[in-house]
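Reviewing the structure listed below.
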Amino acid sequence: MFVIGVIAACLAAVAYGMSTVLRALGARRVAQEAREEGNAAGQTTASGGPSLQSTMSTFIDPAFILGTMLVVIGFAGGAVAARYLPLFLSQTIVSANLVVTALLSTIMLNIALHTRDWIAIWLVVMSLCMLGFSSSPHTQTSDSDRFHWVLFISTAVLCVIALAGVYKVRRHAAIIGGACAGLLFGMIAIAVRVLHGVDPFDPVTLIKDPAAWTIAIAGATGFFVQTVALQLGAVNGVTAVLVVGETAGPSLVGVLFLGDTAKASLAGVAIAGFVGAVIGAVLVAWYGSGDPDHFGEAPPMKGGWRRGREDPPDTGESAKVDTPAADRPD
């Protein structure tokens with residue numbers, strides 16, 4: 001079962017990575033088409049966030065629909081992994097979709113990766129290897145009804161915060177949306193792990209379990225919030241903070257409440273692997289959280305270890321405009 005869980009988690013990582021890029025491509029195409037039709041203003045709200053109309057248009061884009069199908073595959077793989085692996089291992093393997101997203105975005109979204117990005121990506125990969133090597137294959141579930149109710153109520157509160165964040169917080173809405181979506185996807189992993197009525201299968205018990213309700217509201221809200229975040233921000237930055245949220249939260253819950261452990265002699269390796277994976281994802285988020293370039297007009301991102309975009313070339317026009325009249329030559 002341990003090997004099956006690892007394979008399922010890897011499948012989820014690939015599917016989620018491809019899905020994110022395809023959905024980001026859909027959001028970009030909708031924005032481009034709106035501008036070409038002279039309707040760019042109708043794509044945003046008064047606060048600068050994406051309008052509900054633009055989000056609905058994104059939902060019916062062919063690339064976005066294909067990406068949504070891959071989400072279903074990713075969810076199935078992640079669910080199997082969450083049942084058979086410690087959450088700190090299953091969620092960290094799934095978080096490798098960050099690597100898939102970064103690599104595919106260079107091809108499909110023309111996003112350049114610099115040395116700093118590759119170092120962060122390989123830090124994530126090596127950390128995942130350390131986690132896999134040190135993780136114990138033994139897991140357990142929770143039979144506490146109280147835990148299930150607390151999980152559901154916490155998820156409902158997080159859904160409200162996530163929706164408010166992407167529409168009320170203007171400057172950092174993309175990062176907030178990505179982080180909240182990650183936490184919501186993490187809630188799904190926890191709920192799948194403790195879900196009653198799965199083995200043996202009992203549909204009545206399953207439907208009555210608050211953990212099943214958690215999966216429903218977290219899945220719907222997380223998907224919507226991630227879509228809005230992809231409309232607002234850079235795909236690599238949004239994905240990076242998402243994987244931190246979906247990895248750190250469930251991992252902590254698994255260790256504290258669900259008996260997830262590392263091999264007795266390799267606890268230090270497991271901790272180092274987990275910390276390295278989170279730091280790598282944060283680095284990708286930091287360097288990839290610049291303004292989205294939906295129209296291909298923004299200057300490229302700076303290389304090396306500098307963050308932000310390159311300065312636009314000086315054509316000399318700005319100097320002519322900014323020179324005070326008294327200082328101009330006759």
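Letters A, B, ... go to the chains of the structure tokens in the order shown; residues in each chain start at 1; ligands are counted from 1 in the same order.
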
Counting only C-alpha atoms, which residues of segment 177-282 of chain A fall within 12 Å of segment 5-22 of chain A, and what is the closest atom pair for each with its distance in Å at one decimal, ordered by chain and rising number, as CSV?
```
residue,atom,partner,partner_atom,distance
A:Gly178,CA,A:Thr20,CA,11.5
A:Phe185,CA,A:Tyr16,CA,11.5
A:Ala189,CA,A:Ala9,CA,11.4
A:Phe223,CA,A:Thr20,CA,10.5
A:Gln226,CA,A:Thr20,CA,9.0
A:Thr227,CA,A:Thr20,CA,8.9
A:Ala229,CA,A:Thr20,CA,11.1
A:Leu230,CA,A:Thr20,CA,8.4
A:Gln231,CA,A:Thr20,CA,11.6
A:Ala234,CA,A:Val21,CA,10.7
A:Val235,CA,A:Val21,CA,7.3
A:Asn236,CA,A:Val21,CA,9.1
A:Gly237,CA,A:Thr20,CA,11.7
A:Val238,CA,A:Thr20,CA,9.7
A:Thr239,CA,A:Thr20,CA,7.8
A:Ala240,CA,A:Gly17,CA,11.1
A:Leu242,CA,A:Thr20,CA,11.0
A:Val243,CA,A:Ala13,CA,10.4
```

Which residue, A:Ile207, A:Ile153, A:Val198, A:Ala179, has the smallest gap to Val241 of chain A when you use only C-alpha atoms?
-> A:Ala179

Find the residues around Arg146 of chain A up to 12 Å (only C-alpha atoms counted), leave out those fewer than 6 positions away in its own chain, and share them as a list in words.
-> Phe152, Ile153, Val194, Asp209, Pro210 and Ala211 of chain A

Pull the helix (DSSP H, G or I) assignments for segment 106-210 of chain A out of DSSP run on the backbone, and list those residues as a PyMOL selection string.
-> chain A and resi 106-108+115-134+145-168+173-194+203-208+210

With only C-alpha atoms as the basis for distance, which of A:Arg193, A:Tyr167, A:Ala162, A:Ser95 is at the shortest distance from Cys180 of chain A?
->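 For Cys180 of chain A, the nearest of the candidates is A:Ala162.
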
Compare A:Ala218, A:Met126, A:Met56, A:Leu109 by their minimum atom-to-atom distance to Val269 of chain A, counting only C-alpha atoms, and give me the closest one.
->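 Comparing A:Ala218, A:Met126, A:Met56, A:Leu109 against Val269 of chain A, the winner is A:Met126.
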
Could you tell me how far atom CA of Cys129 of chain A lies from atom CA of Ile107 of chain A, in Å and to one decimal?
->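 About the pair atom CA of Cys129 of chain A and atom CA of Ile107 of chain A: they are 26.0 Å apart.
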
Please indicate the distance in Å from atom CA of Leu85 of chain A to atom CA of Phe2 of chain A, rounded to one decimal place.
->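 Straight-line distance from atom CA of Leu85 of chain A to atom CA of Phe2 of chain A works out to 6.3 Å.
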
Hey, what's within 6 Å of Gly273 of chain A if we count only C-alpha atoms and toss same-chain stuff fewer than 4 positions away? As a list of chain:residue names, please?
-> A:Ser127, A:Met130, A:Leu131

For Val150 of chain A, please output as a PyMOL selection string all residues within 12 Å (counting only C-alpha atoms; exclusion window: fewer than 4 positions along the same chain).
-> chain A and resi 144-146+154-157+187+190-191+210-211+213-214

Of the candidates A:Trp149, A:Phe274, A:Phe64, A:Phe201, which one gets nearest to Arg23 of chain A if we count only C-alpha atoms?
-> A:Phe64
